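File shown: start.csv. Contents: CSV, C-alpha atoms and all ligand atoms.
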chain,number,residue,atom,x,y,z
A,283,MET,CA,-50.1,39.6,-20.9
A,284,ALA,CA,-47.0,39.9,-23.0
A,285,PHE,CA,-44.9,37.0,-24.1
A,286,SER,CA,-41.2,36.7,-23.0
A,287,ASP,CA,-38.6,36.6,-25.8
A,288,GLU,CA,-38.1,32.9,-25.1
A,289,GLN,CA,-41.9,32.3,-25.4
A,290,LEU,CA,-42.1,34.2,-28.6
A,291,GLU,CA,-39.4,32.0,-30.0
A,292,ARG,CA,-40.6,28.7,-28.5
A,293,TYR,CA,-44.1,29.2,-29.8
A,294,SER,CA,-43.2,31.1,-33.0
A,295,ARG,CA,-44.7,28.5,-35.3
A,296,HIS,CA,-48.0,28.7,-33.5
A,297,ILE,CA,-47.9,32.5,-33.2
A,298,ILE,CA,-47.3,32.9,-37.0
A,299,LEU,CA,-50.4,30.8,-37.8
A,300,LYS,CA,-53.4,33.1,-38.4
A,301,GLU,CA,-55.7,30.4,-36.9
A,302,ILE,CA,-53.8,30.4,-33.6
A,303,GLY,CA,-51.7,33.6,-33.4
A,304,PRO,CA,-50.7,35.3,-30.2
A,305,ARG,CA,-54.2,35.2,-28.9
A,306,GLY,CA,-54.6,31.5,-29.5
A,307,GLN,CA,-51.2,30.8,-28.0
A,308,ARG,CA,-52.2,32.7,-24.9
A,309,LYS,CA,-55.4,30.6,-24.7
A,310,LEU,CA,-53.3,27.4,-24.9
A,311,MET,CA,-51.1,28.7,-22.1
A,312,ASP,CA,-54.2,29.4,-20.0
A,313,GLY,CA,-55.7,26.1,-20.9
A,314,LYS,CA,-56.0,23.0,-18.6
A,315,VAL,CA,-56.2,19.5,-20.1
A,316,LEU,CA,-56.7,16.2,-18.3
A,317,ILE,CA,-55.2,13.1,-19.9
A,318,ILE,CA,-56.6,9.9,-18.5
A,319,GLY,CA,-54.2,7.1,-19.3
A,320,ALA,CA,-50.5,7.8,-19.7
A,321,GLY,CA,-50.1,5.1,-22.3
A,322,GLY,CA,-50.3,4.6,-26.0
A,323,LEU,CA,-52.7,7.5,-26.8
A,324,GLY,CA,-51.8,9.6,-23.8
A,325,SER,CA,-48.0,9.5,-24.7
A,326,PRO,CA,-48.1,11.5,-27.9
A,327,ALA,CA,-51.0,13.7,-26.7
A,328,ALA,CA,-49.1,14.6,-23.5
A,329,MET,CA,-45.9,15.3,-25.4
A,330,TYR,CA,-47.5,17.6,-28.0
A,331,LEU,CA,-49.7,19.4,-25.5
A,332,ALA,CA,-46.6,20.0,-23.3
A,333,ALA,CA,-44.7,21.2,-26.4
A,334,ALA,CA,-47.6,23.5,-27.3
A,335,GLY,CA,-47.3,25.2,-23.9
A,336,VAL,CA,-50.7,24.1,-22.5
A,337,GLY,CA,-50.6,25.7,-19.1
A,338,GLU,CA,-51.7,22.9,-16.9
A,339,ILE,CA,-51.8,19.2,-17.9
A,340,GLY,CA,-53.2,16.6,-15.6
A,341,LEU,CA,-52.2,13.0,-16.0
A,342,ALA,CA,-54.1,10.1,-14.4
A,343,ASP,CA,-52.8,6.6,-14.4
A,344,ALA,CA,-52.3,4.0,-11.7
A,345,ASP,CA,-49.8,1.8,-13.5
A,346,THR,CA,-46.0,1.5,-13.6
A,347,VAL,CA,-44.0,1.3,-16.8
A,348,ASP,CA,-43.7,-2.3,-18.2
A,349,LEU,CA,-41.5,-3.6,-20.9
A,350,SER,CA,-44.5,-4.5,-23.1
A,351,ASN,CA,-45.6,-0.8,-23.0
A,352,LEU,CA,-42.5,0.6,-24.8
A,353,GLN,CA,-43.5,-0.6,-28.3
A,354,ARG,CA,-46.0,2.3,-28.4
A,355,GLN,CA,-46.0,4.4,-25.2
A,356,ILE,CA,-43.2,6.7,-26.4
A,357,ILE,CA,-43.3,9.1,-23.5
A,358,HIS,CA,-41.6,6.4,-21.4
A,359,THR,CA,-38.1,5.0,-22.0
A,360,THR,CA,-36.3,1.8,-21.1
A,361,ALA,CA,-34.7,3.6,-18.2
A,362,ASP,CA,-38.2,4.2,-16.8
A,363,LEU,CA,-39.2,0.5,-16.3
A,364,GLY,CA,-40.9,0.1,-13.0
A,365,LYS,CA,-41.5,3.8,-12.5
A,366,PRO,CA,-45.1,5.1,-12.1
A,367,LYS,CA,-46.3,6.1,-15.5
A,368,VAL,CA,-47.4,9.5,-14.4
A,369,GLU,CA,-44.0,10.3,-13.0
A,370,SER,CA,-42.1,9.0,-16.1
A,371,ALA,CA,-44.5,11.0,-18.4
A,372,ARG,CA,-44.1,14.1,-16.3
A,373,GLU,CA,-40.3,14.0,-16.5
A,374,THR,CA,-40.5,13.7,-20.3
A,375,MET,CA,-43.0,16.5,-20.6
A,376,LEU,CA,-40.9,18.9,-18.5
A,377,GLU,CA,-37.8,18.0,-20.5
A,378,ILE,CA,-39.7,19.1,-23.6
A,379,ASN,CA,-41.1,22.2,-22.0
A,380,PRO,CA,-40.3,23.3,-18.4
A,381,GLU,CA,-42.9,26.1,-18.7
A,382,VAL,CA,-45.9,23.8,-18.3
A,383,ARG,CA,-47.4,22.5,-15.1
A,384,VAL,CA,-48.0,18.8,-14.9
A,385,ASP,CA,-50.3,17.5,-12.2
A,386,VAL,CA,-50.0,13.8,-11.6
A,387,HIS,CA,-52.8,11.6,-10.3
A,388,GLN,CA,-51.4,8.2,-9.6
A,389,THR,CA,-54.7,6.6,-9.1
A,390,LEU,CA,-57.2,4.4,-10.8
A,391,VAL,CA,-60.0,6.6,-12.1
A,392,THR,CA,-63.3,5.4,-10.6
A,393,ALA,CA,-66.8,6.7,-10.1
A,394,ASP,CA,-65.7,7.9,-6.6
A,395,ASN,CA,-63.0,10.2,-7.8
A,396,ILE,CA,-63.7,11.1,-11.4
A,397,MET,CA,-66.0,14.1,-10.8
A,398,ASP,CA,-63.4,15.8,-8.6
A,399,LEU,CA,-60.7,15.0,-11.1
A,400,VAL,CA,-62.4,16.4,-14.2
A,401,GLU,CA,-63.8,19.5,-12.5
A,402,LYS,CA,-60.8,21.8,-12.8
A,403,TYR,CA,-60.0,21.0,-16.4
A,404,ASP,CA,-61.2,22.6,-19.6
A,405,PHE,CA,-60.8,19.6,-21.8
A,406,ILE,CA,-60.5,15.8,-21.1
A,407,LEU,CA,-58.7,13.3,-23.2
A,408,ASP,CA,-59.5,9.6,-22.9
A,409,GLY,CA,-56.4,7.5,-23.4
A,410,THR,CA,-57.7,4.4,-21.5
A,411,ASP,CA,-57.7,0.8,-22.7
A,412,ASN,CA,-61.0,-0.7,-21.5
A,413,PHE,CA,-64.7,-0.2,-22.0
A,414,PRO,CA,-65.7,0.3,-18.4
A,415,ALA,CA,-63.2,3.3,-18.2
A,416,LYS,CA,-64.3,4.7,-21.5
A,417,PHE,CA,-68.0,4.7,-20.4
A,418,LEU,CA,-67.2,6.1,-17.0
A,419,ILE,CA,-65.2,9.0,-18.5
A,420,ASN,CA,-67.9,9.7,-21.0
A,421,ASP,CA,-70.6,9.8,-18.4
A,422,ALA,CA,-68.6,12.0,-16.1
A,423,CYS,CA,-67.8,14.5,-18.9
A,424,VAL,CA,-71.5,14.7,-19.9
A,425,LEU,CA,-72.5,15.1,-16.3
A,426,ALA,CA,-69.8,17.7,-15.6
A,427,ARG,CA,-70.4,19.4,-19.0
A,428,LYS,CA,-66.8,19.0,-20.0
A,429,PRO,CA,-65.6,18.5,-23.6
A,430,LEU,CA,-64.0,15.1,-24.2
A,431,SER,CA,-61.9,13.5,-26.9
A,432,HIS,CA,-62.7,9.8,-27.0
A,433,ALA,CA,-60.5,7.4,-28.9
A,434,GLY,CA,-60.0,3.7,-29.3
A,435,ILE,CA,-57.4,1.7,-31.2
A,436,ILE,CA,-56.9,-2.0,-32.0
A,437,ARG,CA,-54.7,-3.9,-34.5
A,438,PHE,CA,-54.4,-1.6,-37.5
A,439,GLN,CA,-57.5,0.5,-36.7
A,440,GLY,CA,-58.3,3.6,-34.7
A,441,GLN,CA,-61.3,5.9,-34.2
A,442,LEU,CA,-62.1,9.1,-32.3
A,443,THR,CA,-64.9,11.5,-31.7
A,444,THR,CA,-65.2,14.7,-29.7
A,445,TYR,CA,-68.0,15.3,-27.3
A,446,ALA,CA,-68.9,19.0,-26.7
A,447,PRO,CA,-71.6,19.6,-24.1
A,448,GLY,CA,-74.9,20.6,-25.6
A,449,ARG,CA,-73.6,20.4,-29.1
A,450,GLY,CA,-73.7,16.8,-30.1
A,451,PRO,CA,-73.8,13.1,-29.4
A,452,CYS,CA,-71.6,11.4,-26.8
A,453,TYR,CA,-69.8,8.0,-26.8
A,454,ARG,CA,-72.8,6.3,-25.1
A,455,CYS,CA,-75.1,7.6,-27.9
A,456,ILE,CA,-73.0,5.4,-30.3
A,457,PHE,CA,-72.4,2.3,-28.2
A,458,VAL,CA,-75.1,2.5,-25.5
A,459,GLU,CA,-73.3,0.2,-23.1
A,460,PRO,CA,-70.0,-1.8,-22.8
A,461,PRO,CA,-69.9,-5.2,-24.4
A,462,PRO,CA,-69.7,-8.1,-22.0
A,463,PRO,CA,-66.2,-8.8,-20.7
A,464,GLU,CA,-64.2,-10.9,-23.3
A,465,ALA,CA,-66.9,-10.4,-26.0
A,466,VAL,CA,-64.7,-7.9,-27.9
A,467,PRO,CA,-60.9,-8.4,-27.9
A,468,THR,CA,-58.6,-6.0,-26.1
A,469,CYS,CA,-55.3,-4.8,-27.4
A,470,ARG,CA,-53.6,-7.3,-25.1
A,471,GLN,CA,-55.4,-10.1,-26.8
A,472,ALA,CA,-55.5,-8.8,-30.3
A,473,GLY,CA,-52.4,-6.5,-30.6
A,474,VAL,CA,-52.0,-3.0,-31.9
A,475,VAL,CA,-49.4,-1.5,-34.2
A,476,GLY,CA,-47.5,1.0,-32.1
A,477,ALA,CA,-47.7,3.9,-34.5
A,478,MET,CA,-51.5,3.7,-34.5
A,479,ALA,CA,-51.3,5.1,-30.9
A,480,GLY,CA,-49.2,7.9,-32.3
A,481,VAL,CA,-51.7,8.7,-35.1
A,482,ILE,CA,-54.8,8.7,-33.0
A,483,GLY,CA,-53.2,10.3,-29.9
A,484,CYS,CA,-51.9,13.1,-32.1
A,485,LEU,CA,-55.4,13.6,-33.5
A,486,GLN,CA,-56.7,13.9,-29.9
A,487,ALA,CA,-54.1,16.5,-29.1
A,488,LEU,CA,-55.2,18.4,-32.2
A,489,GLU,CA,-58.7,18.4,-31.0
A,490,ALA,CA,-57.6,19.8,-27.6
A,491,VAL,CA,-55.5,22.5,-29.3
A,492,LYS,CA,-58.3,23.6,-31.5
A,493,TYR,CA,-60.8,23.6,-28.7
A,494,LEU,CA,-58.5,25.7,-26.4
A,495,ALA,CA,-57.4,28.0,-29.2
A,496,GLY,CA,-61.0,28.3,-30.4
A,497,THR,CA,-60.3,27.5,-34.0
A,498,GLY,CA,-61.5,25.0,-36.6
A,499,ALA,CA,-64.2,22.4,-36.5
A,500,LEU,CA,-64.1,19.7,-33.9
A,501,LEU,CA,-65.2,16.0,-34.5
A,502,THR,CA,-68.4,16.7,-32.7
A,503,GLY,CA,-71.1,14.7,-34.3
A,504,TRP,CA,-68.6,12.7,-36.2
A,505,LEU,CA,-66.7,9.4,-35.7
A,506,LEU,CA,-63.4,9.6,-37.5
A,507,THR,CA,-62.1,6.1,-38.3
A,508,TYR,CA,-58.7,5.2,-39.6
A,509,ASP,CA,-57.6,1.9,-41.2
A,510,ALA,CA,-53.8,1.7,-41.6
A,511,MET,CA,-54.0,-1.3,-43.8
A,512,THR,CA,-55.8,0.6,-46.5
A,513,MET,CA,-54.9,4.1,-45.4
A,514,ASP,CA,-58.5,5.1,-45.4
A,515,PHE,CA,-59.7,7.9,-43.1
A,516,ARG,CA,-63.4,8.2,-42.9
A,517,LYS,CA,-65.8,10.6,-41.1
A,518,ILE,CA,-69.0,8.9,-40.1
A,519,LYS,CA,-71.9,11.1,-39.2
A,520,ILE,CA,-73.1,10.1,-35.7
A,521,PRO,CA,-76.9,10.1,-35.5
A,522,SER,CA,-78.5,11.8,-32.4
A,523,ARG,CA,-79.9,9.5,-29.8
A,524,LYS,CA,-82.7,11.3,-28.0
A,525,ASN,CA,-83.0,8.4,-25.6
A,526,CYS,CA,-79.3,8.3,-24.6
A,527,ALA,CA,-79.1,7.3,-21.0
A,528,VAL,CA,-76.7,10.1,-20.1
A,529,CYS,CA,-77.1,12.9,-22.6
A,530,GLY,CA,-80.6,12.3,-23.8
A,531,GLU,CA,-83.8,14.1,-23.1
A,532,ASN,CA,-84.7,12.0,-20.1
A,533,PRO,CA,-81.4,10.8,-18.7
A,534,THR,CA,-81.4,7.8,-16.3
A,535,ILE,CA,-77.7,8.2,-15.4
A,536,LEU,CA,-77.5,11.0,-13.0
A,537,LYS,CA,-74.1,10.2,-11.4
A,538,PRO,CA,-71.1,8.3,-12.6
A,539,PHE,CA,-70.9,4.5,-11.9
A,540,ASP,CA,-68.4,1.8,-12.4
A,541,TYR,CA,-68.9,-1.2,-14.7
A,542,GLN,CA,-67.1,-4.4,-13.7
A,543,ALA,CA,-63.7,-4.5,-15.5
A,544,ALA,CA,-62.9,-7.5,-17.6
A,545,VAL,CA,-60.7,-9.9,-15.6
A,546,CYS,CA,-57.8,-9.5,-18.1
A,547,ASP,CA,-57.8,-5.7,-17.5
A,548,LEU,CA,-57.2,-6.0,-13.8
B,139,MET,CA,-80.2,-3.1,-55.9
B,140,ILE,CA,-77.3,-0.7,-55.0
B,141,VAL,CA,-76.6,0.5,-51.5
B,142,THR,CA,-73.6,2.3,-50.0
B,143,ILE,CA,-71.8,0.4,-47.3
B,144,ALA,CA,-69.1,2.3,-45.4
B,145,GLY,CA,-68.8,4.7,-48.3
B,146,GLU,CA,-68.6,2.0,-51.1
B,147,LYS,CA,-71.4,1.2,-53.4
B,148,LYS,CA,-72.4,-2.5,-53.4
B,149,GLU,CA,-75.0,-4.7,-55.1
B,150,ILE,CA,-77.2,-6.6,-52.6
B,151,GLU,CA,-80.4,-8.6,-53.1
B,152,GLN,CA,-83.8,-7.1,-52.6
B,153,GLY,CA,-85.2,-7.9,-49.2
B,154,THR,CA,-81.8,-8.0,-47.4
B,155,THR,CA,-82.1,-7.1,-43.7
B,156,VAL,CA,-79.5,-5.4,-41.6
B,157,SER,CA,-78.8,-8.7,-39.8
B,158,ARG,CA,-78.3,-10.5,-43.1
B,159,LEU,CA,-76.0,-7.7,-44.4
B,160,LEU,CA,-73.8,-8.1,-41.3
B,161,VAL,CA,-73.4,-11.8,-42.2
B,162,LEU,CA,-72.8,-11.1,-45.9
B,163,GLU,CA,-70.2,-8.5,-44.9
B,164,LYS,CA,-68.5,-11.0,-42.6
B,165,VAL,CA,-68.7,-8.5,-39.7
B,166,GLN,CA,-67.2,-10.1,-36.5
B,167,THR,CA,-69.3,-10.1,-33.3
B,168,PRO,CA,-72.2,-8.4,-35.2
B,169,GLU,CA,-74.3,-8.2,-32.0
B,170,TYR,CA,-71.8,-5.6,-30.7
B,171,VAL,CA,-71.6,-3.5,-33.9
B,172,THR,CA,-73.5,-0.3,-34.0
B,173,VAL,CA,-75.3,0.2,-37.3
B,174,ALA,CA,-76.6,3.4,-38.8
B,175,VAL,CA,-78.8,3.5,-42.0
B,176,ASN,CA,-79.2,6.9,-43.6
B,177,GLU,CA,-77.8,8.6,-40.4
B,178,GLN,CA,-80.2,6.8,-38.1
B,179,PHE,CA,-79.2,4.1,-35.6
B,180,VAL,CA,-80.7,0.7,-36.1
B,181,ASP,CA,-80.9,-0.7,-32.6
B,182,SER,CA,-80.0,-4.4,-32.1
B,183,PRO,CA,-83.5,-5.7,-31.6
B,184,LEU,CA,-84.5,-4.2,-35.0
B,185,LYS,CA,-81.5,-5.4,-37.0
B,186,SER,CA,-83.4,-8.5,-38.1
B,187,GLU,CA,-86.5,-6.6,-39.1
B,188,ARG,CA,-85.0,-3.6,-40.9
B,189,VAL,CA,-85.1,-4.3,-44.7
B,190,LEU,CA,-82.7,-2.3,-46.7
B,191,LYS,CA,-83.8,-0.2,-49.7
B,192,GLU,CA,-82.2,1.0,-52.9
B,193,GLY,CA,-79.8,3.8,-52.2
B,194,ASP,CA,-79.5,3.2,-48.4
B,195,GLN,CA,-76.3,4.5,-46.8
B,196,ILE,CA,-75.1,2.0,-44.2
B,197,GLU,CA,-72.4,2.6,-41.7
B,198,PHE,CA,-70.9,0.1,-39.2
B,199,MET,CA,-69.3,1.4,-36.0
B,200,TYR,CA,-67.1,-1.0,-34.1
B,201,PHE,CA,-66.0,-1.2,-30.5
B,202,MET,CA,-62.4,-0.3,-30.1
B,203,GLY,CA,-61.3,-0.7,-26.5
B,204,GLY,CA,-57.6,-0.1,-26.8
B,205,GLY,CA,-55.6,3.0,-25.9
B,206,ARG,CA,-52.8,2.1,-23.5
C,601,ZN,ZN,-75.3,10.4,-25.4

Translate the structure of the given file into structure tokens.
Ligand SMILES: [Zn+2]
Amino acid sequence: MAFSDEQLERYSRHIILKEIGPRGQRKLMDGKVLIIGAGGLGSPAAMYLAAAGVGEIGLADADTVDLSNLQRQIIHTTADLGKPKVESARETMLEINPEVRVDVHQTLVTADNIMDLVEKYDFILDGTDNFPAKFLINDACVLARKPLSHAGIIRFQGQLTTYAPGRGPCYRCIFVEPPPPEAVPTCRQAGVVGAMAGVIGCLQALEAVKYLAGTGALLTGWLLTYDAMTMDFRKIKIPSRKNCAVCGENPTILKPFDYQAAVCDL
Amino acid sequence: MIVTIAGEKKEIEQGTTVSRLLVLEKVQTPEYVTVAVNEQFVDSPLKSERVLKEGDQIEFMYFMGGGR
């Protein structure tokens, strides 16, 4: 399939890259990415993936835009206060690139709907803000054999890893199960520097782009950590966990389930 | 003896266990920190038993729950 003149110009900086090229750009345009959480991490990821021309981008989020979101959730503006986040995000994405299709899912992602949700997508991006959701998304991606970019941020720190089915450890391999509610602080309690969401969300977008275009090495088997106070990026080798409850040799998690959310997350 | 903690070489006493190291390093909520020694997980029940050796490479992985 040939590119239109407008596409050749819009995506020229990708097409000129030998690692992407016309073939990689075509793969991006045929790609389908689901972003769960249209917030801090989801904002930059959704904007860059729309700009990159990723054919179909799903957004799942049940919330509306709140004033306290705008310090980091740059896909939303002050004029969007009170709007559903998925709608506000969709508008921004289509302003950047009207060529992409944005599917909105204004719903809380739960064990009941997550398998249907992830099914049609090629790559999943976790931009949620609580451990029950992060474990749920991990389990569903392992069970559905979907690649997943996991990320977390707090204060001046961030981390991410990429799960690729059959090729490396999952989030549950590292952390086993969620900490009890309130045992580990959330961003609401501890704060987070806004640009951290930008740094880590952009790294997630890069993983999705590389995966779709079929180029480079993913963070599979690695936890990339970033400390903005010292400006240290580190790649930590993630050991394999043969007894992982979802991706191990004898899995005990055979379908997704919900953990109780911490009260402050409700 | 010298070990490597999160990429930095440090002097620690002989006989130091993983649990003791978590205290020495002032790691917050150590019970919820994932520890790997030489690219192997040290599961929580074993943190107080596992004695570190010269040259061990220790990594801490922290829960980060934020994103929105
Ligand atoms: Zn696993």

Which residues of chain A have any atom within 9 Å of an atom in chain B when counting all atoms listed in the file, and what is the closest pair of atoms for each, with the distance in Å to one decimal? Order the rows by chain and rising number and write it as a tab-separated table.
residue	atom	partner	partner_atom	distance
A:Gly319	CA	B:Arg206	CA	6.7
A:Ala320	CA	B:Arg206	CA	7.2
A:Gly321	CA	B:Arg206	CA	4.2
A:Gly322	CA	B:Arg206	CA	4.3
A:Leu323	CA	B:Gly205	CA	5.4
A:Gly324	CA	B:Arg206	CA	7.6
A:Ser325	CA	B:Arg206	CA	8.9
A:Asn351	CA	B:Arg206	CA	7.8
A:Arg354	CA	B:Arg206	CA	8.4
A:Gln355	CA	B:Arg206	CA	7.4
A:Asp408	CA	B:Gly205	CA	8.2
A:Gly409	CA	B:Gly205	CA	5.2
A:Thr410	CA	B:Gly205	CA	5.1
A:Asp411	CA	B:Gly204	CA	4.2
A:Asn412	CA	B:Gly203	CA	5.0
A:Phe413	CA	B:Gly203	CA	5.7
A:Lys416	CA	B:Gly203	CA	7.9
A:Ala433	CA	B:Gly205	CA	7.2
A:Gly434	CA	B:Met202	CA	4.7
A:Ile435	CA	B:Gly204	CA	4.8
A:Ile436	CA	B:Gly204	CA	5.6
A:Gln439	CA	B:Met202	CA	8.3
A:Gly440	CA	B:Met202	CA	7.3
A:Gln441	CA	B:Met202	CA	7.5
A:Ile456	CA	B:Thr172	CA	6.8
A:Phe457	CA	B:Thr172	CA	6.5
A:Pro460	CA	B:Phe201	CA	8.7
A:Pro461	CA	B:Tyr170	CA	6.6
A:Ala465	CA	B:Thr167	CA	7.7
A:Val466	CA	B:Phe201	CA	7.3
A:Pro467	CA	B:Gly203	CA	7.8
A:Thr468	CA	B:Gly203	CA	6.0
A:Cys469	CA	B:Gly204	CA	5.3
A:Arg470	CA	B:Gly204	CA	8.4
A:Val474	CA	B:Gly204	CA	8.1
A:Ala479	CA	B:Gly205	CA	6.9
A:Gly483	CA	B:Gly205	CA	8.7
A:Leu505	CA	B:Met199	CA	8.4
A:Thr507	CA	B:Met199	CA	8.9
A:Arg516	CA	B:Gly145	CA	8.4
A:Ile518	CA	B:Glu197	CA	7.3
A:Lys519	CA	B:Glu177	CA	6.5
A:Ile520	CA	B:Glu177	CA	6.8
A:Pro521	CA	B:Glu177	CA	5.2
A:Ser522	CA	B:Gln178	CA	7.8
A:Arg523	CA	B:Phe179	CA	8.0

Starting from the point (-43.7, 13.1, -13.0), work out which residues of protein, DNA or RNA have an atom no more than 10 Å away when counting all atoms listed in the file; state them as a PyMOL selection string. chain A and resi 341+365-376+384-388

File of the preceding selection, C-alpha atoms, as a compact mmCIF listing (two decimals), in the frame of the given file:
# COMPACT_ATOMS: atom_id res chain seq x y z
CA LEU A 341 -52.20 13.00 -16.00
CA LYS A 365 -41.50 3.80 -12.50
CA PRO A 366 -45.10 5.10 -12.10
CA LYS A 367 -46.30 6.10 -15.50
CA VAL A 368 -47.40 9.50 -14.40
CA GLU A 369 -44.00 10.30 -13.00
CA SER A 370 -42.10 9.00 -16.10
CA ALA A 371 -44.50 11.00 -18.40
CA ARG A 372 -44.10 14.10 -16.30
CA GLU A 373 -40.30 14.00 -16.50
CA THR A 374 -40.50 13.70 -20.30
CA MET A 375 -43.00 16.50 -20.60
CA LEU A 376 -40.90 18.90 -18.50
CA VAL A 384 -48.00 18.80 -14.90
CA ASP A 385 -50.30 17.50 -12.20
CA VAL A 386 -50.00 13.80 -11.60
CA HIS A 387 -52.80 11.60 -10.30
CA GLN A 388 -51.40 8.20 -9.60

Could you check which of A:Ala422, A:Ala472, A:Ile406, A:Ile356 is closest to ligand ZN 601 (chain C), using all atoms listed in the file? A:Ala422

Give me the residues of chain A that have any atom at most 7 Å from an atom of ligand ZN 601 (chain C); for each, the nearest atom pair and the distance in Å, rounded to one decimal. Use only C-alpha atoms and all ligand atoms, sort by chain and number, and format it as CSV.
residue,atom,partner,partner_atom,distance
A:Pro451,CA,C:ZN601,ZN,5.1
A:Cys452,CA,C:ZN601,ZN,4.1
A:Tyr453,CA,C:ZN601,ZN,6.2
A:Arg454,CA,C:ZN601,ZN,4.8
A:Cys455,CA,C:ZN601,ZN,3.8
A:Arg523,CA,C:ZN601,ZN,6.4
A:Cys526,CA,C:ZN601,ZN,4.6
A:Ala527,CA,C:ZN601,ZN,6.6
A:Val528,CA,C:ZN601,ZN,5.5
A:Cys529,CA,C:ZN601,ZN,4.2
A:Gly530,CA,C:ZN601,ZN,5.9

Within 12 Å of stretch 161-164 of chain B, counting only C-alpha atoms, which residues qualify if same-chain residues fewer than 4 places away don't, as a PDB file with C-alpha atoms, keeping the file's coordinate frame?
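The resulting file, part.pdb, is shown below:
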ATOM      1  CA  ILE B 143     -71.800   0.400 -47.300  1.00  0.00           C
ATOM      2  CA  ALA B 144     -69.100   2.300 -45.400  1.00  0.00           C
ATOM      3  CA  LYS B 148     -72.400  -2.500 -53.400  1.00  0.00           C
ATOM      4  CA  GLU B 149     -75.000  -4.700 -55.100  1.00  0.00           C
ATOM      5  CA  ILE B 150     -77.200  -6.600 -52.600  1.00  0.00           C
ATOM      6  CA  GLU B 151     -80.400  -8.600 -53.100  1.00  0.00           C
ATOM      7  CA  THR B 154     -81.800  -8.000 -47.400  1.00  0.00           C
ATOM      8  CA  THR B 155     -82.100  -7.100 -43.700  1.00  0.00           C
ATOM      9  CA  VAL B 156     -79.500  -5.400 -41.600  1.00  0.00           C
ATOM     10  CA  SER B 157     -78.800  -8.700 -39.800  1.00  0.00           C
ATOM     11  CA  PRO B 168     -72.200  -8.400 -35.200  1.00  0.00           C
ATOM     12  CA  GLU B 169     -74.300  -8.200 -32.000  1.00  0.00           C
ATOM     13  CA  VAL B 171     -71.600  -3.500 -33.900  1.00  0.00           C
ATOM     14  CA  LYS B 185     -81.500  -5.400 -37.000  1.00  0.00           C
ATOM     15  CA  SER B 186     -83.400  -8.500 -38.100  1.00  0.00           C
ATOM     16  CA  ILE B 196     -75.100   2.000 -44.200  1.00  0.00           C
ATOM     17  CA  GLU B 197     -72.400   2.600 -41.700  1.00  0.00           C
ATOM     18  CA  PHE B 198     -70.900   0.100 -39.200  1.00  0.00           C
TER      19      PHE B 198
END

What lies within 10 Å of A:Leu501 using all atoms listed in the file, ignoring chain neighbours under 5 positions off, as a PyMOL selection string? chain A and resi 431+442-446+450+486+489+506+517-520

Take atom CA of B:Glu187 and atom CA of B:Met139 and report the distance between them in Å, one decimal. 18.3 Å

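Between atom CA of B:Lys147 and atom CA of A:Leu500 the interatomic distance comes to 27.9 Å.
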
Point-to-point distance from atom CA of A:Ile302 to atom CA of A:Ala333, Å rounded to tenths: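 About the pair atom CA of A:Ile302 and atom CA of A:Ala333: they are 14.8 Å apart.
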
At a cut-off of 8 Å, using only C-alpha atoms, what residues contact stretch 292-295 of chain A? Leave out same-chain residues fewer than 2 positions from it and give the result as a PyMOL selection string. chain A and resi 288-290+297-299+307+334-335

Name the closest residue to A:Asn420 among the candidates A:Ile318, A:Ala284, A:Gln353, A:Thr512; distances are taken between atoms, counting all atoms listed in the file. A:Ile318

Give as a PyMOL selection string the set of residues within 7 Å of the point (-84.4, -4.8, -47.4), where distances use the file's coordinates and all atoms listed in the file. chain B and resi 152-155+188-191

Any chance you could export the current selection's C-alpha atoms as a PDB file, in the coordinates of the input?
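Saved file part-v9.pdb follows:
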ATOM      1  CA  GLN B 152     -83.800  -7.100 -52.600  1.00  0.00           C
ATOM      2  CA  GLY B 153     -85.200  -7.900 -49.200  1.00  0.00           C
ATOM      3  CA  THR B 154     -81.800  -8.000 -47.400  1.00  0.00           C
ATOM      4  CA  THR B 155     -82.100  -7.100 -43.700  1.00  0.00           C
ATOM      5  CA  ARG B 188     -85.000  -3.600 -40.900  1.00  0.00           C
ATOM      6  CA  VAL B 189     -85.100  -4.300 -44.700  1.00  0.00           C
ATOM      7  CA  LEU B 190     -82.700  -2.300 -46.700  1.00  0.00           C
ATOM      8  CA  LYS B 191     -83.800  -0.200 -49.700  1.00  0.00           C
TER       9      LYS B 191
END

Pick out the residues sitting within 9 Å of A:Tyr403, and hand them over as a PDB file with C-alpha atoms, keeping the file's coordinate frame; count all atoms listed in the file, and ignore anything fewer than 2 positions along from it in its own chain.
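And here's selection28.pdb as it stands now:
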ATOM      1  CA  GLY A 313     -55.700  26.100 -20.900  1.00  0.00           C
ATOM      2  CA  LYS A 314     -56.000  23.000 -18.600  1.00  0.00           C
ATOM      3  CA  VAL A 315     -56.200  19.500 -20.100  1.00  0.00           C
ATOM      4  CA  LEU A 316     -56.700  16.200 -18.300  1.00  0.00           C
ATOM      5  CA  GLU A 338     -51.700  22.900 -16.900  1.00  0.00           C
ATOM      6  CA  ILE A 339     -51.800  19.200 -17.900  1.00  0.00           C
ATOM      7  CA  GLY A 340     -53.200  16.600 -15.600  1.00  0.00           C
ATOM      8  CA  LEU A 399     -60.700  15.000 -11.100  1.00  0.00           C
ATOM      9  CA  VAL A 400     -62.400  16.400 -14.200  1.00  0.00           C
ATOM     10  CA  GLU A 401     -63.800  19.500 -12.500  1.00  0.00           C
ATOM     11  CA  PHE A 405     -60.800  19.600 -21.800  1.00  0.00           C
ATOM     12  CA  ILE A 406     -60.500  15.800 -21.100  1.00  0.00           C
ATOM     13  CA  LYS A 428     -66.800  19.000 -20.000  1.00  0.00           C
TER      14      LYS A 428
END
